[in-house]
file run.txt (compact mmCIF, C-alpha atoms)
# COMPACT_ATOMS: atom_id res chain seq x y z
CA MET F 1179 -147.98 -156.51 23.33
CA SER F 1180 -144.42 -157.72 22.86
CA ASN F 1181 -141.46 -156.36 24.73
CA ALA F 1182 -139.49 -156.30 21.48
CA ALA F 1183 -141.94 -153.82 19.96
CA LEU F 1184 -142.04 -151.72 23.12
CA PHE F 1185 -138.23 -151.66 23.17
CA GLN F 1186 -138.11 -150.42 19.57
CA THR F 1187 -140.72 -147.77 20.35
CA LEU F 1188 -138.71 -146.49 23.31
CA LEU F 1189 -135.57 -146.38 21.16
CA ARG F 1190 -137.44 -144.30 18.60
CA LEU F 1191 -138.42 -141.83 21.32
CA GLY F 1192 -135.05 -141.78 23.04
CA ASP F 1193 -132.88 -141.75 19.92
CA ASN F 1194 -134.72 -138.71 18.54
CA THR F 1195 -133.99 -136.72 21.68
CA LEU F 1196 -130.44 -138.07 21.99
CA VAL F 1197 -129.34 -137.35 18.44
CA LEU F 1198 -131.06 -133.96 18.26
CA GLY F 1199 -129.77 -133.08 21.74
CA HIS F 1200 -126.22 -133.86 20.61
CA ARG F 1201 -126.62 -131.90 17.37
CA VAL F 1202 -127.97 -128.86 19.19
CA SER F 1203 -125.16 -129.06 21.75
CA GLU F 1204 -122.67 -128.66 18.89
CA TRP F 1205 -123.59 -124.95 18.93
CA CYS F 1206 -122.30 -124.56 22.46
CA GLY F 1207 -119.72 -121.80 22.50
CA LYS F 1208 -120.22 -120.69 18.90
CA ALA F 1209 -123.85 -119.59 18.41
CA PRO F 1210 -124.40 -116.18 16.75
CA VAL F 1211 -125.06 -114.38 20.04
CA LEU F 1212 -124.66 -115.31 23.69
CA GLU F 1213 -128.41 -115.55 24.39
CA GLU F 1214 -128.89 -118.01 21.54
CA ASP F 1215 -125.89 -120.00 22.70
CA ILE F 1216 -127.41 -120.35 26.16
CA ALA F 1217 -130.86 -121.13 24.77
CA LEU F 1218 -129.53 -123.86 22.49
CA ALA F 1219 -127.44 -125.39 25.29
CA ASN F 1220 -130.50 -125.42 27.57
CA THR F 1221 -132.63 -127.01 24.86
CA ALA F 1222 -129.97 -129.67 24.32
CA LEU F 1223 -129.86 -130.31 28.06
CA ASP F 1224 -133.63 -130.87 28.25
CA LEU F 1225 -133.44 -133.28 25.30
CA ILE F 1226 -130.57 -135.26 26.81
CA GLY F 1227 -132.45 -135.39 30.13
CA GLN F 1228 -135.49 -136.80 28.35
CA THR F 1229 -133.21 -139.32 26.65
CA GLN F 1230 -132.10 -140.56 30.05
CA MET F 1231 -135.73 -141.37 30.89
CA TRP F 1232 -136.61 -143.00 27.55
CA LEU F 1233 -133.43 -145.06 27.19
CA GLY F 1234 -133.45 -145.88 30.90
CA TYR F 1235 -136.87 -147.43 30.49
CA ALA F 1236 -135.81 -149.08 27.20
CA ALA F 1237 -132.90 -150.74 29.00
CA GLU F 1238 -135.27 -152.07 31.70
CA ILE F 1239 -137.60 -153.48 29.08
CA GLU F 1240 -134.75 -155.07 27.16
CA ASN F 1241 -133.57 -156.67 30.41
CA GLU F 1242 -130.16 -157.64 29.08
CA GLY F 1243 -128.14 -155.80 31.69
CA ARG F 1244 -127.59 -152.71 29.54
CA SER F 1245 -128.05 -149.19 30.93
CA ALA F 1246 -129.24 -145.97 29.26
CA ASP F 1247 -125.57 -145.00 28.91
CA ASP F 1248 -124.75 -148.32 27.22
CA LEU F 1249 -127.56 -147.81 24.74
CA ALA F 1250 -126.46 -144.25 24.00
CA MET F 1251 -122.72 -144.80 23.85
CA LEU F 1252 -122.18 -148.36 22.66
CA ARG F 1253 -124.65 -148.94 19.84
CA ASP F 1254 -123.59 -148.41 16.26
CA VAL F 1255 -125.42 -146.61 13.46
CA TRP F 1256 -127.64 -149.50 12.38
CA ASP F 1257 -129.14 -149.87 15.86
CA PHE F 1258 -130.28 -146.23 16.10
CA ARG F 1259 -133.97 -145.54 15.55
CA ASN F 1260 -134.13 -141.75 15.23
CA ILE F 1261 -135.75 -140.00 12.29
CA LEU F 1262 -133.31 -138.84 9.63
CA MET F 1263 -134.11 -135.15 10.14
CA VAL F 1264 -132.46 -134.97 13.57
CA GLU F 1265 -129.15 -136.41 12.37
CA ARG F 1266 -128.77 -133.78 9.65
CA PRO F 1267 -125.77 -131.51 10.21
CA ASN F 1268 -126.58 -128.12 11.73
CA LEU F 1269 -125.45 -126.15 8.65
CA ASP F 1270 -126.32 -122.52 9.42
CA PHE F 1271 -128.24 -121.10 12.37
CA GLY F 1272 -131.40 -120.65 10.26
CA HIS F 1273 -131.39 -124.32 9.23
CA THR F 1274 -130.80 -125.35 12.86
CA MET F 1275 -133.74 -123.29 14.11
CA MET F 1276 -136.02 -124.46 11.31
CA ARG F 1277 -135.19 -128.10 12.15
CA GLN F 1278 -135.84 -127.35 15.81
CA PHE F 1279 -139.18 -125.75 14.98
CA LEU F 1280 -140.36 -128.62 12.75
CA PHE F 1281 -139.29 -131.13 15.40
CA ASP F 1282 -140.70 -129.18 18.38
CA ALA F 1283 -144.14 -128.96 16.73
CA TYR F 1284 -144.05 -132.73 16.20
CA HIS F 1285 -142.59 -133.45 19.63
CA ARG F 1286 -145.19 -131.38 21.45
CA THR F 1287 -148.01 -133.03 19.50
CA LEU F 1288 -146.64 -136.54 20.07
CA LEU F 1289 -145.93 -136.04 23.79
CA THR F 1290 -149.38 -134.52 24.36
CA ALA F 1291 -150.89 -137.71 22.95
CA LEU F 1292 -148.46 -139.92 24.90
CA LYS F 1293 -149.65 -138.40 28.19
CA ASP F 1294 -152.69 -140.65 27.69
CA SER F 1295 -150.67 -143.78 26.90
CA THR F 1296 -151.97 -147.02 28.41
CA ASN F 1297 -148.38 -147.59 29.54
CA PRO F 1298 -148.06 -145.61 32.81
CA ARG F 1299 -144.28 -145.15 32.54
CA ILE F 1300 -144.59 -143.67 29.05
CA ALA F 1301 -147.47 -141.47 30.24
CA GLU F 1302 -145.47 -140.02 33.14
CA ILE F 1303 -142.33 -139.39 31.08
CA ALA F 1304 -144.45 -137.69 28.42
CA ALA F 1305 -146.23 -135.53 31.03
CA LYS F 1306 -142.83 -134.34 32.22
CA ALA F 1307 -141.28 -133.85 28.78
CA VAL F 1308 -144.23 -132.10 27.14
CA LYS F 1309 -143.77 -129.09 29.40
CA GLU F 1310 -140.24 -128.69 28.10
CA ALA F 1311 -141.23 -129.39 24.49
CA THR F 1312 -143.93 -126.72 24.73
CA TYR F 1313 -141.38 -124.20 25.92
CA HIS F 1314 -138.99 -125.19 23.13
CA PHE F 1315 -141.77 -124.83 20.58
CA GLU F 1316 -142.67 -121.33 21.74
CA ARG F 1317 -139.09 -120.24 21.33
CA SER F 1318 -138.34 -121.91 18.00
CA ALA F 1319 -141.64 -120.66 16.52
CA GLU F 1320 -140.83 -117.09 17.61
CA THR F 1321 -137.38 -117.36 16.09
CA VAL F 1322 -138.72 -118.74 12.81
CA ILE F 1323 -141.15 -115.80 12.60
CA ALA F 1324 -138.50 -113.24 13.52
CA LEU F 1325 -136.02 -114.51 10.92
CA GLY F 1326 -138.52 -115.54 8.23
CA ASP F 1327 -140.22 -112.16 8.40
CA GLY F 1328 -136.91 -110.38 9.01
CA THR F 1329 -134.44 -109.07 6.45
CA PRO F 1330 -134.29 -110.38 2.86
CA GLU F 1331 -131.13 -112.25 3.83
CA SER F 1332 -132.60 -113.91 6.95
CA HIS F 1333 -135.76 -114.74 4.99
CA GLU F 1334 -133.68 -116.49 2.36
CA PHE F 1335 -131.81 -118.54 4.97
CA MET F 1336 -135.09 -119.68 6.56
CA GLN F 1337 -136.72 -120.52 3.24
CA ASN F 1338 -133.65 -122.51 2.17
CA GLY F 1339 -133.68 -124.34 5.49
CA LEU F 1340 -137.36 -125.15 5.11
CA ASN F 1341 -136.88 -126.40 1.55
CA LEU F 1342 -134.02 -128.65 2.62
CA LEU F 1343 -135.82 -130.03 5.67
CA TRP F 1344 -139.33 -130.49 4.36
CA PRO F 1345 -138.62 -133.86 2.67
CA PHE F 1346 -137.45 -135.15 6.07
CA THR F 1347 -140.72 -134.38 7.88
CA GLY F 1348 -142.77 -137.18 6.32
CA GLU F 1349 -140.90 -139.83 8.31
CA MET F 1350 -142.48 -138.51 11.55
CA PHE F 1351 -145.87 -139.80 10.44
CA GLU F 1352 -144.77 -143.12 8.99
CA CYS F 1353 -146.55 -146.14 10.46
CA ASP F 1354 -145.00 -149.61 10.34
CA ALA F 1355 -145.92 -152.93 12.00
CA ILE F 1356 -144.34 -151.87 15.31
CA ASP F 1357 -146.33 -148.64 15.39
CA ALA F 1358 -149.49 -150.50 14.46
CA GLU F 1359 -149.01 -153.00 17.27
CA MET F 1360 -148.27 -150.28 19.82
CA ALA F 1361 -151.13 -148.09 18.62
CA ALA F 1362 -153.59 -151.00 18.80
CA ALA F 1363 -152.56 -151.50 22.44
CA GLY F 1364 -153.02 -147.77 23.14
CA VAL F 1365 -149.34 -147.36 24.02
CA ILE F 1366 -148.73 -144.73 21.33
CA PRO F 1367 -151.01 -142.78 19.01
CA ASP F 1368 -151.16 -143.86 15.38
CA PRO F 1369 -148.39 -141.64 13.91
CA ILE F 1370 -150.62 -140.68 10.99
CA SER F 1371 -153.19 -139.23 13.42
CA LEU F 1372 -150.66 -136.58 14.53
CA ARG F 1373 -150.21 -135.13 11.08
CA ASP F 1374 -153.21 -132.79 10.96
CA THR F 1375 -152.35 -131.17 14.28
CA TRP F 1376 -148.73 -130.81 13.21
CA ILE F 1377 -149.60 -129.31 9.83
CA ALA F 1378 -151.93 -126.79 11.48
CA LEU F 1379 -149.28 -125.75 14.03
CA VAL F 1380 -146.54 -125.50 11.44
CA SER F 1381 -148.63 -123.74 8.79
CA ASP F 1382 -149.76 -120.97 11.15
CA THR F 1383 -146.19 -120.11 12.09
CA LEU F 1384 -144.72 -120.45 8.60
CA THR F 1385 -147.45 -118.22 7.15
CA GLU F 1386 -146.75 -115.59 9.78
CA ALA F 1387 -143.06 -115.98 8.96
CA THR F 1388 -143.88 -115.23 5.26
CA LEU F 1389 -142.36 -118.56 4.25
CA ALA F 1390 -143.71 -120.80 1.49
CA ILE F 1391 -144.43 -124.42 2.42
CA PRO F 1392 -142.96 -126.76 -0.21
CA GLN F 1393 -145.72 -128.59 -2.05
CA ASP F 1394 -143.75 -131.77 -2.75
CA ASP F 1395 -144.62 -134.54 -0.28
CA PHE F 1396 -141.70 -136.83 -1.11
CA ALA F 1397 -140.29 -138.19 2.17
CA HIS F 1398 -136.83 -139.54 3.00
CA LYS F 1399 -137.25 -142.55 5.29
CA GLY F 1400 -135.20 -145.27 6.90
CA GLY F 1401 -134.05 -143.73 10.19
CA ARG F 1402 -136.76 -144.90 12.59
CA THR F 1403 -136.69 -148.41 11.13
CA GLY F 1404 -132.89 -148.41 11.11
CA ARG F 1405 -132.95 -149.56 7.50
CA GLN F 1406 -130.89 -146.70 6.12
CA HIS F 1407 -129.45 -143.81 8.09
CA THR F 1408 -127.65 -140.97 6.34
CA GLU F 1409 -123.86 -140.86 6.42
CA HIS F 1410 -124.11 -138.01 8.94
CA LEU F 1411 -125.13 -140.21 11.87
CA GLY F 1412 -121.87 -142.17 11.75
CA HIS F 1413 -119.86 -138.95 11.92
CA LEU F 1414 -121.97 -137.75 14.84
CA LEU F 1415 -121.44 -141.01 16.73
CA THR F 1416 -117.68 -140.92 16.28
CA GLN F 1417 -117.68 -137.65 18.19
CA MET F 1418 -120.38 -138.51 20.74
CA GLN F 1419 -119.10 -141.99 21.55
CA TRP F 1420 -115.32 -141.71 21.20
CA LEU F 1421 -114.61 -141.44 24.92
CA GLN F 1422 -116.53 -144.60 25.82
CA ARG F 1423 -115.01 -146.38 22.82
CA ALA F 1424 -111.45 -145.33 23.71
CA TYR F 1425 -111.79 -145.74 27.47
CA PRO F 1426 -114.56 -148.30 28.07
CA GLY F 1427 -116.42 -147.74 31.32
CA ALA F 1428 -114.82 -144.34 31.97
CA ASN F 1429 -116.81 -142.17 34.36
CA TRP F 1430 -116.34 -139.23 36.67
CA MET J 650 -134.65 -142.75 68.77
CA THR J 651 -135.95 -142.29 65.26
CA PRO J 652 -137.11 -138.80 64.27
CA ASP J 653 -140.66 -138.44 62.96
CA VAL J 654 -141.31 -137.36 59.38
CA ASP J 655 -142.12 -133.77 60.42
CA THR J 656 -138.67 -133.47 61.94
CA ILE J 657 -137.11 -134.83 58.75
CA TRP J 658 -139.10 -132.35 56.65
CA ALA J 659 -137.74 -129.58 58.89
CA TRP J 660 -134.20 -130.90 58.39
CA LEU J 661 -134.67 -130.99 54.63
CA ASP J 662 -135.89 -127.40 54.76
CA GLU J 663 -132.35 -126.53 55.82
CA VAL J 664 -130.79 -128.14 52.71
CA PRO J 665 -130.08 -125.37 50.20
CA ASP J 666 -130.67 -125.66 46.47
CA PRO J 667 -127.14 -125.96 45.01
CA GLU J 668 -127.75 -123.33 42.31
CA ILE J 669 -129.90 -120.92 44.29
CA PRO J 670 -128.69 -121.38 47.88
CA VAL J 671 -131.14 -118.89 49.41
CA ILE J 672 -133.98 -121.35 49.00
CA SER J 673 -134.20 -124.87 50.34
CA VAL J 674 -135.02 -128.02 48.42
CA VAL J 675 -138.35 -128.01 50.28
CA ASP J 676 -139.05 -124.40 49.18
CA LEU J 677 -138.38 -125.50 45.61
CA GLY J 678 -141.15 -128.09 45.90
CA ILE J 679 -139.05 -131.01 44.73
CA ILE J 680 -139.31 -133.08 47.93
CA ARG J 681 -142.57 -134.90 47.28
CA ASP J 682 -142.73 -137.35 50.16
CA VAL J 683 -140.92 -138.49 53.28
CA THR J 684 -141.85 -141.84 54.80
CA TRP J 685 -140.44 -144.54 57.03
CA GLU J 686 -140.34 -148.01 55.55
CA ASP J 687 -139.35 -150.18 58.50
CA ASP J 688 -136.01 -148.73 59.60
CA THR J 689 -135.31 -146.92 56.30
CA VAL J 690 -136.28 -143.35 55.57
CA VAL J 691 -137.51 -142.94 52.01
CA VAL J 692 -137.40 -139.51 50.38
CA ALA J 693 -139.20 -139.01 47.07
CA ILE J 694 -137.59 -136.32 44.93
CA THR J 695 -138.88 -135.01 41.61
CA PRO J 696 -136.58 -133.35 39.05
CA THR J 697 -137.25 -129.74 38.05
CA TYR J 698 -136.13 -130.08 34.42
CA SER J 699 -135.33 -133.45 32.84
CA GLY J 700 -131.73 -132.55 32.17
CA CYS J 701 -131.02 -130.27 35.11
CA PRO J 702 -127.44 -131.05 36.16
CA ALA J 703 -128.25 -129.99 39.73
CA THR J 704 -130.47 -133.07 40.21
CA SER J 705 -127.63 -135.43 41.13
CA ILE J 706 -126.06 -132.80 43.40
CA ILE J 707 -129.40 -132.33 45.15
CA ASN J 708 -129.65 -136.07 45.78
CA LEU J 709 -126.14 -136.08 47.19
CA ASP J 710 -126.82 -133.02 49.39
CA VAL J 711 -130.04 -134.51 50.76
CA GLU J 712 -128.38 -137.80 51.58
CA THR J 713 -125.34 -136.12 53.15
CA ALA J 714 -127.53 -133.83 55.28
CA LEU J 715 -129.61 -136.70 56.63
CA ARG J 716 -126.52 -138.79 57.29
CA ASP J 717 -124.90 -135.90 59.18
CA LEU J 718 -128.01 -135.74 61.36
CA GLY J 719 -127.60 -139.35 62.34
CA LEU J 720 -129.76 -141.27 59.89
CA THR J 721 -128.01 -144.28 58.41
CA LYS J 722 -130.60 -146.07 56.30
CA ILE J 723 -131.70 -143.67 53.60
CA ARG J 724 -133.30 -144.39 50.26
CA LEU J 725 -133.89 -141.68 47.67
CA LYS J 726 -136.38 -142.40 44.95
CA GLN J 727 -137.10 -140.41 41.84
CA GLN J 728 -140.75 -139.56 41.40
CA LEU J 729 -141.73 -138.24 37.96
CA SER J 730 -145.46 -138.01 38.35
CA PRO J 731 -147.11 -135.62 38.76
CA PRO J 732 -144.47 -133.51 37.00
CA TRP J 733 -142.87 -130.65 38.92
CA THR J 734 -144.53 -127.29 38.55
CA THR J 735 -143.44 -123.87 39.77
CA ASP J 736 -146.80 -123.74 41.61
CA TRP J 737 -145.06 -125.90 44.22
CA LEU J 738 -142.53 -123.19 45.04
CA SER J 739 -143.34 -122.07 48.59
CA ALA J 740 -144.40 -118.48 49.38
CA LYS J 741 -141.35 -118.28 51.62
CA GLY J 742 -139.21 -119.47 48.71
CA ALA J 743 -140.72 -116.92 46.30
CA ALA J 744 -140.02 -114.07 48.74
CA LYS J 745 -136.44 -115.23 49.22
CA LEU J 746 -135.87 -115.50 45.48
CA GLU J 747 -136.99 -111.93 44.96
CA GLU J 748 -134.81 -110.68 47.79
CA TYR J 749 -131.88 -112.53 46.18
CA GLY J 750 -132.47 -110.75 42.86
CA ILE J 751 -134.37 -113.45 40.96
CA ALA J 752 -137.92 -112.55 39.96
CA PRO J 753 -140.23 -115.36 41.14
CA PRO J 754 -142.46 -117.24 38.68
CA SER J 755 -145.66 -115.50 37.73
CA ALA J 756 -148.75 -116.94 36.06
CA ALA J 757 -148.70 -113.89 33.75
CA GLY J 758 -145.72 -115.51 32.00
CA GLY J 759 -143.23 -112.84 33.03
CA PRO J 760 -142.05 -110.90 36.06
CA SER J 761 -144.30 -108.09 37.29
CA LYS J 762 -141.38 -105.96 38.38
CA CYS J 763 -137.61 -105.65 38.57
CA PRO J 764 -136.37 -107.46 41.70
CA ARG J 765 -133.78 -104.70 42.26
CA CYS J 766 -135.58 -101.38 41.78
CA GLN J 767 -139.22 -102.59 41.66
CA SER J 768 -139.87 -100.84 38.34
CA ALA J 769 -142.58 -102.45 36.21
CA ASN J 770 -140.71 -101.35 33.09
CA VAL J 771 -139.05 -104.66 32.22
CA GLU J 772 -138.42 -106.63 29.03
CA ARG J 773 -137.41 -110.14 28.13
CA VAL J 774 -133.95 -110.69 26.67
CA SER J 775 -134.22 -114.46 26.16
CA GLN J 776 -136.49 -117.36 27.13
CA PHE J 777 -133.44 -119.12 28.54
CA GLY J 778 -131.08 -117.96 31.25
CA SER J 779 -128.16 -119.16 33.31
CA THR J 780 -129.86 -122.40 34.40
CA PRO J 781 -132.67 -124.50 32.88
CA CYS J 782 -135.18 -123.03 35.35
CA LYS J 783 -134.54 -119.38 34.54
CA ALA J 784 -135.13 -116.86 31.76
CA HIS J 785 -133.12 -113.73 31.10
CA TRP J 786 -134.81 -110.31 31.55
CA ARG J 787 -133.70 -106.73 31.97
CA CYS J 788 -135.02 -103.65 33.69
CA LEU J 789 -135.45 -100.56 31.52
CA SER J 790 -135.43 -98.25 34.54
CA CYS J 791 -132.30 -99.28 36.44
CA LEU J 792 -130.86 -100.97 33.30
CA GLU J 793 -129.77 -104.05 35.27
CA PRO J 794 -130.21 -107.54 33.81
CA PHE J 795 -131.91 -110.08 36.06
CA ASP J 796 -133.01 -113.71 36.13
CA TYR J 797 -136.67 -114.66 36.07
CA PHE J 798 -137.67 -118.06 37.44
CA LYS J 799 -139.61 -119.59 34.54
CA CYS J 800 -143.19 -120.64 35.13
CA ILE J 801 -143.90 -124.23 34.15
call {"tool": "encode", "arguments": {"input": "run.txt", "output": "structure tokens"}}
result
Amino acid sequence: MSNAALFQTLLRLGDNTLVLGHRVSEWCGKAPVLEEDIALANTALDLIGQTQMWLGYAAEIENEGRSADDLAMLRDVWDFRNILMVERPNLDFGHTMMRQFLFDAYHRTLLTALKDSTNPRIAEIAAKAVKEATYHFERSAETVIALGDGTPESHEFMQNGLNLLWPFTGEMFECDAIDAEMAAAGVIPDPISLRDTWIALVSDTLTEATLAIPQDDFAHKGGRTGRQHTEHLGHLLTQMQWLQRAYPGANW
Amino acid sequence: MTPDVDTIWAWLDEVPDPEIPVISVVDLGIIRDVTWEDDTVVVAITPTYSGCPATSIINLDVETALRDLGLTKIRLKQQLSPPWTTDWLSAKGAAKLEEYGIAPPSAAGGPSKCPRCQSANVERVSQFGSTPCKAHWRCLSCLEPFDYFKCI
């Protein structure tokens, strides 16, 4: 097992939680109601906390003197390894909650498998994070049902969100040479093996939410390999990283 | 003279949680181990939630308390495994939480009664509350909102 592959794998884990955590935090102070505002801020906080653990370990593995903060705040777009779905703009609240739901179902499934990783550090981070991901999933699934099976207007928002996001879900189950190497060593599950569990979880909720699952399996890819991010990630980073870029090393 | 670990545990039981000062960090179940390694006291602390902002304050409070009691060589280490669970909240801590107005965690997934008026007629407002460890509930008898310490 090479450290380079392990480093990339940890970036994939940590960049998903970092970028989604930042996106979700953008709702702070302007969610539709106070309870949702608090819930989204708490979800973002959990995700950023998990990022600290993943990128902290990534920095140790890289062993180039960088910290988790350096990795988060001083890399540019092409070095990020998150899936494209999490860098999508929030759009409306329905789209945000649908993205959260699709990600939470994946995250819970992935972390459950990672609890049995042959890498003890990954196993212990996953055991910690899966409790939070499970809680997030319960909430986002409830919200998807409440809004999907709500008023005609809320139903339309959720169906539109689902239609927009569905082509971004395929990237979660993509398997490249890095994944294959890590899976062979028992460090991560084969991404493809997570798909059935994810589909079952997602289908149950979407059916209850009276939403139609798009039948097209076209998938946008390029985020977790870093080959081609969407333009949205650059805009996100300008906001997330500006302080460290303008005042290098600033802290409080 | 160096204090034994039982004495240090007792000292730590006097260090309040920064967010919920009626319970101690020991009540909360986040102090996992206290040992002497040569002349250094090593305290293993586990985070409640990954991103809980109180974690760094807790570390600071623990170190300050031990320093004030005369210890000079202190090492705090983060211990992730096994992950923190509300099962580790002490019985004393649960009773104090309820007295303070926060319903303690319950395996049933929700509070059995309102911590203010004891009515069982309660409903959930939101899965998330004022801190990562709490959910937001309300009592339908006395009509007061209250925090419920989430069960994880």
call {"tool": "interface_residues", "arguments": {"input": "run.txt", "of": "chain J", "to": "chain F", "cutoff": "7 Å", "atoms": "only C-alpha atoms", "output": "VMD selection string"}}
result
chain J and resid 698 to 700 729 to 730 732 775 to 778 781 801
call {"tool": "closest_residue", "arguments": {"input": "run.txt", "among": "J:Ala703, J:Leu709, J:Val654, J:Ile669", "to": "Lys745 (chain J)", "atoms": "all atoms listed in the file"}}
result
J:Ile669
call {"tool": "atom_distance", "arguments": {"input": "run.txt", "atom1": "CA of Arg716 (chain J)", "atom2": "CA of Ile679 (chain J)"}}
result
19.4 Å
call {"tool": "residues_around", "arguments": {"input": "run.txt", "residues": "Asp1368 (chain F)", "least_positions_apart": "4", "cutoff": "9 Å", "atoms": "only C-alpha atoms", "output": "number ranges by chain"}}
result
F: 1351, 1353, 1357-1358, 1360-1362, 1364, 1372
call {"tool": "residues_near_point", "arguments": {"input": "run.txt", "point": "(-142.5, -153.7, 10.4)", "cutoff": "12 Å", "atoms": "only C-alpha atoms", "output": "tab-separated table (two decimals) with C-alpha atoms, in the coordinates of the input"}}
result
chain	number	residue	atom	x	y	z
F	1182	ALA	CA	-139.49	-156.30	21.48
F	1183	ALA	CA	-141.94	-153.82	19.96
F	1186	GLN	CA	-138.11	-150.42	19.57
F	1187	THR	CA	-140.72	-147.77	20.35
F	1352	GLU	CA	-144.77	-143.12	8.99
F	1353	CYS	CA	-146.55	-146.14	10.46
F	1354	ASP	CA	-145.00	-149.61	10.34
F	1355	ALA	CA	-145.92	-152.93	12.00
F	1356	ILE	CA	-144.34	-151.87	15.31
F	1357	ASP	CA	-146.33	-148.64	15.39
F	1358	ALA	CA	-149.49	-150.50	14.46
F	1359	GLU	CA	-149.01	-153.00	17.27
F	1360	MET	CA	-148.27	-150.28	19.82
F	1400	GLY	CA	-135.20	-145.27	6.90
F	1402	ARG	CA	-136.76	-144.90	12.59
F	1403	THR	CA	-136.69	-148.41	11.13
F	1404	GLY	CA	-132.89	-148.41	11.11
F	1405	ARG	CA	-132.95	-149.56	7.50
call {"tool": "closest_residue", "arguments": {"input": "run.txt", "among": "J:Val675, J:Cys800, J:Ser768, J:Arg681", "to": "Cys788 (chain J)", "atoms": "all atoms listed in the file"}}
result
J:Ser768
call {"tool": "atom_distance", "arguments": {"input": "run.txt", "atom1": "CA of Pro1426 (chain F)", "atom2": "CA of Glu1238 (chain F)"}}
result
21.4 Å
call {"tool": "atom_distance", "arguments": {"input": "run.txt", "atom1": "CA of Ala1387 (chain F)", "atom2": "CA of Ala1324 (chain F)"}}
result
7.0 Å
call {"tool": "residues_around", "arguments": {"input": "run.txt", "residues": "Pro794 (chain J)", "least_positions_apart": "4", "cutoff": "12 Å", "atoms": "all atoms listed in the file", "output": "list of chain:residue names"}}
result
J:Gly750, J:Ile751, J:Ala752, J:Cys763, J:Pro764, J:Arg765, J:Cys766, J:Val771, J:Glu772, J:Arg773, J:Val774, J:Ser775, J:Gly778, J:Ser779, J:Ala784, J:His785, J:Trp786, J:Arg787, J:Cys788, J:Leu789, J:Ser790
call {"tool": "closest_residue", "arguments": {"input": "run.txt", "among": "F:Ile1370, F:Leu1189, F:Leu1415, F:Val1365", "to": "Arg1201 (chain F)", "atoms": "all atoms listed in the file"}}
result
F:Leu1415
call {"tool": "closest_residue", "arguments": {"input": "run.txt", "among": "J:Ile706, J:Leu725, J:Leu715, J:Lys783", "to": "Ala659 (chain J)", "atoms": "only C-alpha atoms"}}
result
J:Leu715
call {"tool": "residues_around", "arguments": {"input": "run.txt", "residues": "Leu1188 (chain F)", "least_positions_apart": "4", "cutoff": "9 Å", "atoms": "all atoms listed in the file", "output": "list in words"}}
result
Ala1183, Leu1184, Gly1192, Asp1193, Trp1232, Leu1233, Tyr1235, Ala1236 and Ile1300 of chain F
call {"tool": "residues_near_point", "arguments": {"input": "run.txt", "point": "(-138.9, -139.1, 1.0)", "cutoff": "12 Å", "atoms": "all atoms listed in the file", "output": "ChimeraX atom specification"}}
result
/F:1261-1263,1342-1352,1394-1401
call {"tool": "residues_around", "arguments": {"input": "run.txt", "residues": "Lys722 (chain J)", "least_positions_apart": "4", "cutoff": "7 Å", "atoms": "all atoms listed in the file", "output": "PyMOL selection string"}}
result
chain J and resi 688-690
call {"tool": "build_atoms", "arguments": {"input": "run.txt", "residues": "region 1192-1202 of chain F", "atoms": "N, CA and C atoms", "output": "short mmCIF file (atom, residue, chain, number, x, y, z; two decimals), keeping the file's coordinate frame"}}
result
data_model
loop_
_atom_site.label_atom_id
_atom_site.label_comp_id
_atom_site.auth_asym_id
_atom_site.auth_seq_id
_atom_site.Cartn_x
_atom_site.Cartn_y
_atom_site.Cartn_z
N GLY F 1192 -136.29 -142.20 22.41
CA GLY F 1192 -135.05 -141.78 23.04
C GLY F 1192 -133.95 -141.42 22.05
N ASP F 1193 -133.92 -142.07 20.90
CA ASP F 1193 -132.88 -141.75 19.92
C ASP F 1193 -133.15 -140.40 19.25
N ASN F 1194 -134.42 -140.05 19.07
CA ASN F 1194 -134.72 -138.71 18.54
C ASN F 1194 -134.16 -137.64 19.46
N THR F 1195 -134.43 -137.77 20.76
CA THR F 1195 -133.99 -136.72 21.68
C THR F 1195 -132.47 -136.77 21.87
N LEU F 1196 -131.89 -137.96 21.83
CA LEU F 1196 -130.44 -138.07 21.99
C LEU F 1196 -129.69 -137.43 20.81
N VAL F 1197 -130.08 -137.82 19.62
CA VAL F 1197 -129.34 -137.35 18.44
C VAL F 1197 -129.57 -135.84 18.24
N LEU F 1198 -130.82 -135.40 18.41
CA LEU F 1198 -131.06 -133.96 18.26
C LEU F 1198 -130.37 -133.19 19.40
N GLY F 1199 -130.43 -133.74 20.60
CA GLY F 1199 -129.77 -133.08 21.74
C GLY F 1199 -128.27 -132.92 21.47
N HIS F 1200 -127.66 -133.96 20.90
CA HIS F 1200 -126.22 -133.86 20.61
C HIS F 1200 -125.97 -132.83 19.51
N ARG F 1201 -126.78 -132.87 18.47
CA ARG F 1201 -126.62 -131.90 17.37
C ARG F 1201 -126.72 -130.47 17.90
N VAL F 1202 -127.75 -130.22 18.69
CA VAL F 1202 -127.97 -128.86 19.19
C VAL F 1202 -126.81 -128.44 20.09
#
